[in-house]
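Shown below: my_file-v1.cif, with mmCIF, C-alpha atoms.
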```
data_upload
loop_
_atom_site.group_PDB
_atom_site.id
_atom_site.type_symbol
_atom_site.label_atom_id
_atom_site.label_comp_id
_atom_site.auth_asym_id
_atom_site.auth_seq_id
_atom_site.Cartn_x
_atom_site.Cartn_y
_atom_site.Cartn_z
ATOM 1 C CA MET L 1 0.000 0.000 0.000
ATOM 2 C CA ASP L 2 2.921 2.379 0.578
ATOM 3 C CA ASP L 3 3.750 2.282 -3.163
ATOM 4 C CA TYR L 4 0.214 3.458 -3.877
ATOM 5 C CA PHE L 5 0.652 6.547 -1.712
ATOM 6 C CA ASP L 6 3.983 7.449 -3.310
ATOM 7 C CA ASN L 7 2.223 8.705 -6.470
ATOM 8 C CA LEU L 8 -0.712 10.640 -5.054
ATOM 9 C CA ASP L 9 -1.520 14.309 -5.300
ATOM 10 C CA SER L 10 -1.723 16.589 -2.281
ATOM 11 C CA THR L 11 -5.430 16.003 -1.592
ATOM 12 C CA GLU L 12 -4.990 12.264 -1.460
ATOM 13 C CA ILE L 13 -1.844 12.616 0.644
ATOM 14 C CA ASN L 14 -3.808 14.786 3.033
ATOM 15 C CA LEU L 15 -6.540 12.133 3.181
ATOM 16 C CA LYS L 16 -3.898 9.535 4.030
ATOM 17 C CA TYR L 17 -2.664 11.810 6.831
ATOM 18 C CA PHE L 18 -6.209 12.312 8.102
ATOM 19 C CA THR L 19 -7.045 8.610 8.120
ATOM 20 C CA GLU L 20 -3.792 7.786 9.915
ATOM 21 C CA HIS L 21 -4.299 10.452 12.589
ATOM 22 C CA HIS L 22 -8.093 10.508 12.832
ATOM 23 C CA GLY L 23 -9.112 7.074 11.629
ATOM 24 C CA ASN L 24 -12.074 6.785 13.971
ATOM 25 C CA ILE L 25 -13.550 10.061 12.688
ATOM 26 C CA TYR L 26 -13.038 9.043 9.075
ATOM 27 C CA ASP L 27 -14.547 5.607 9.711
ATOM 28 C CA ALA L 28 -17.632 7.236 11.273
ATOM 29 C CA TYR L 29 -17.932 9.578 8.290
ATOM 30 C CA GLU L 30 -17.688 6.655 5.852
ATOM 31 C CA LYS L 31 -20.266 4.671 7.849
ATOM 32 C CA TYR L 32 -22.633 7.652 7.832
ATOM 33 C CA GLY L 33 -22.339 7.918 4.046
ATOM 34 C CA GLN L 34 -23.079 4.221 3.645
ATOM 35 C CA LEU L 35 -26.098 4.393 5.952
ATOM 36 C CA VAL L 36 -27.539 7.428 4.163
ATOM 37 C CA HIS L 37 -27.339 5.587 0.856
ATOM 38 C CA LYS L 38 -28.710 2.313 2.174
ATOM 39 C CA ASP L 39 -31.201 3.343 4.868
ATOM 40 C CA GLY L 40 -31.765 7.060 4.289
ATOM 41 C CA GLY L 41 -34.908 6.717 2.238
ATOM 42 C CA PRO L 42 -36.630 5.205 -0.775
ATOM 43 C CA LEU L 43 -34.266 6.385 -3.542
ATOM 44 C CA ASP L 44 -32.468 3.660 -5.441
ATOM 45 C CA GLU L 45 -28.677 3.670 -5.716
ATOM 46 C CA ARG L 46 -28.612 5.110 -9.238
ATOM 47 C CA SER L 47 -30.853 8.022 -8.277
ATOM 48 C CA CYS L 48 -28.656 8.778 -5.255
ATOM 49 C CA TRP L 49 -25.528 8.957 -7.420
ATOM 50 C CA LEU L 50 -27.224 11.139 -10.031
ATOM 51 C CA ILE L 51 -28.267 13.557 -7.292
ATOM 52 C CA LYS L 52 -24.692 13.592 -5.998
ATOM 53 C CA VAL L 53 -23.421 14.268 -9.531
ATOM 54 C CA ALA L 54 -25.729 17.282 -9.756
ATOM 55 C CA LEU L 55 -24.793 18.531 -6.284
ATOM 56 C CA SER L 56 -21.058 18.284 -6.837
ATOM 57 C CA THR L 57 -21.494 20.044 -10.189
ATOM 58 C CA GLU L 58 -23.423 22.859 -8.531
ATOM 59 C CA CYS L 59 -20.921 23.167 -5.674
ATOM 60 C CA GLN L 60 -18.016 23.118 -8.121
ATOM 61 C CA TYR L 61 -16.196 20.263 -6.419
ATOM 62 C CA PRO L 62 -14.334 18.700 -9.361
ATOM 63 C CA ARG L 63 -12.779 15.902 -7.324
ATOM 64 C CA ALA L 64 -16.142 14.967 -5.842
ATOM 65 C CA LEU L 65 -17.759 15.211 -9.266
ATOM 66 C CA ARG L 66 -15.233 12.792 -10.755
ATOM 67 C CA THR L 67 -15.818 10.378 -7.877
ATOM 68 C CA HIS L 68 -19.604 10.649 -8.154
ATOM 69 C CA ILE L 69 -19.524 10.160 -11.933
ATOM 70 C CA LEU L 70 -17.448 7.007 -11.486
ATOM 71 C CA LYS L 71 -19.767 5.686 -8.789
ATOM 72 C CA ALA L 72 -22.808 6.516 -10.930
ATOM 73 C CA LEU L 73 -21.302 4.598 -13.843
ATOM 74 C CA HIS L 74 -20.443 1.695 -11.534
ATOM 75 C CA SER L 75 -24.038 1.614 -10.241
ATOM 76 C CA GLY L 76 -25.319 1.268 -13.795
ATOM 77 C CA CYS L 77 -26.163 4.845 -14.764
ATOM 78 C CA SER L 78 -25.693 5.579 -18.437
ATOM 79 C CA LYS L 79 -23.450 8.385 -19.682
ATOM 80 C CA GLU L 80 -26.590 10.063 -20.991
ATOM 81 C CA LYS L 81 -28.296 10.060 -17.577
ATOM 82 C CA ILE L 82 -25.175 11.463 -15.920
ATOM 83 C CA LYS L 83 -24.977 14.183 -18.553
ATOM 84 C CA HIS L 84 -28.672 14.952 -18.009
ATOM 85 C CA ALA L 85 -28.075 15.327 -14.250
ATOM 86 C CA ILE L 86 -25.308 17.825 -14.997
ATOM 87 C CA LEU L 87 -27.458 19.726 -17.519
ATOM 88 C CA LEU L 88 -30.208 20.111 -14.896
ATOM 89 C CA VAL L 89 -27.830 22.272 -12.850
ATOM 90 C CA ALA L 90 -27.884 25.207 -15.309
ATOM 91 C CA PRO L 91 -31.321 26.690 -14.526
ATOM 92 C CA SER L 92 -30.705 26.873 -10.782
ATOM 93 C CA ALA L 93 -26.929 27.268 -10.466
ATOM 94 C CA GLY L 94 -25.833 28.732 -13.772
ATOM 95 C CA PHE L 95 -24.536 27.798 -17.186
ATOM 96 C CA PRO L 96 -20.803 28.106 -16.324
ATOM 97 C CA ARG L 97 -21.109 25.475 -13.588
ATOM 98 C CA THR L 98 -22.896 23.168 -15.985
ATOM 99 C CA MET L 99 -20.244 23.695 -18.650
ATOM 100 C CA GLN L 100 -17.498 22.886 -16.133
ATOM 101 C CA GLY L 101 -19.389 19.743 -15.137
ATOM 102 C CA ILE L 102 -19.767 18.659 -18.767
ATOM 103 C CA LEU L 103 -16.042 19.224 -19.327
ATOM 104 C CA ILE L 104 -15.179 17.075 -16.304
ATOM 105 C CA LEU L 105 -17.541 14.354 -17.547
ATOM 106 C CA ARG L 106 -16.059 14.445 -21.042
ATOM 107 C CA ASN L 107 -12.483 14.357 -19.739
ATOM 108 C CA LEU L 108 -13.257 11.453 -17.418
ATOM 109 C CA LEU L 109 -15.005 9.478 -20.148
ATOM 110 C CA GLN L 110 -12.057 10.159 -22.434
ATOM 111 C CA GLU L 111 -9.709 8.756 -19.769
ATOM 112 C CA ILE L 112 -11.904 5.678 -19.360
ATOM 113 C CA GLU L 113 -12.582 5.050 -23.030
ATOM 114 C CA GLY L 114 -9.320 6.362 -24.438
ATOM 115 C CA ASN L 115 -11.032 8.591 -27.000
ATOM 116 C CA SER L 116 -10.424 12.245 -27.740
ATOM 117 C CA ILE L 117 -12.984 14.654 -26.244
ATOM 118 C CA HIS L 118 -13.100 16.675 -29.483
#
```
As structure tokens, the full file:
Amino acid sequence: MDDYFDNLDSTEINLKYFTEHHGNIYDAYEKYGQLVHKDGGPLDERSCWLIKVALSTECQYPRALRTHILKALHSGCSKEKIKHAILLVAPSAGFPRTMQGILILRNLLQEIEGNSIH
């Protein structure tokens, strides 16, 4: 596992520091997230991830958006549904945030699929 941490950026290094020094807090935070998804209400997993995609787009959290897009894809959401969730941000949070979200989606899909975003 040490080799893995040798090639991380500063945010991930900081997370490693946090988990090493405050593991119990991080574990509680992770457990809370799991419980909210599983027992928080009637939404299915795909809907939860699409909502999180839209929220992280609106909040302009690119790292969270990348993570939520990946988890949405893993849960079975189509690229089109993820894109739709991002497009829904424009009327309430603004076109620039939506455009940034679309760019992050396109870049991530390009990384996954190995195609050019142009």
Write out, as a Markdown table, each residue of region 4-58 of chain L that has an atom at most 10 Å from region 89-98 of chain L, together with the closest pair of atoms and their distance in Å to one decimal, counting only C-alpha atoms, rows going by chain and rising number.
```
| residue | atom | partner | partner_atom | distance |
| --- | --- | --- | --- | --- |
| L:Val53 | CA | L:Val89 | CA | 9.7 |
| L:Ala54 | CA | L:Val89 | CA | 6.2 |
| L:Leu55 | CA | L:Val89 | CA | 8.1 |
| L:Ser56 | CA | L:Arg97 | CA | 9.9 |
| L:Thr57 | CA | L:Arg97 | CA | 6.4 |
| L:Glu58 | CA | L:Ala93 | CA | 6.0 |
```
Problem set entry | 12 Å contact set for Glu80 (chain L), only C-alpha atoms, chain neighbours under 4 positions out, as a PyMOL selection string | chain L and resi 50+69+72-73+76+84-87+102+105-106+109
Problem set entry | Distance in Å - CA of Glu30 (chain L) versus CA of Thr67 (chain L) |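 Atom-to-atom, CA of Glu30 (chain L) and CA of Thr67 (chain L) are spaced 14.3 Å apart.
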Exercise. At what distance in Å, to one decimal, does CA of Ile51 (chain L) lie from CA of Asn14 (chain L)?
Worked result: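 Going from CA of Asn14 (chain L) over to CA of Ile51 (chain L) covers 26.6 Å.
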For this session: May I ask which of the residues L:Lys79, L:Lys16, L:Gln60, L:Ser10 is the closest one to Gln110 (chain L), counting only C-alpha atoms?
Result: L:Lys79
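Here the question is which of L:His74, L:Lys38, L:Arg66, L:Lys81 gets nearest to Leu103 (chain L) using only C-alpha atoms, and that residue is L:Arg66.
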Exercise. Any idea what the distance is between CA of Cys77 (chain L) and CA of Glu113 (chain L)?
Worked result: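 These atoms are spaced 15.9 Å apart.
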For this session: Could you give me, as an MDAnalysis selection string, the residues within 9 Å of Leu70 (chain L), counting only C-alpha atoms and dropping anything in the same chain fewer than 5 positions from it?
Result: chainID L and resid 65 75 108
Problem set entry | Nearest candidate to His68 (chain L) (options L:Ile104, L:Leu35, L:Ile112, L:Ala28; using all atoms listed in the file) | L:Ile104
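Considering the residues L:Asn107, L:Leu88, L:Asp44, L:Ala64 and counting only C-alpha atoms, Thr11 (chain L) has its shortest atom-to-atom contact with L:Ala64.
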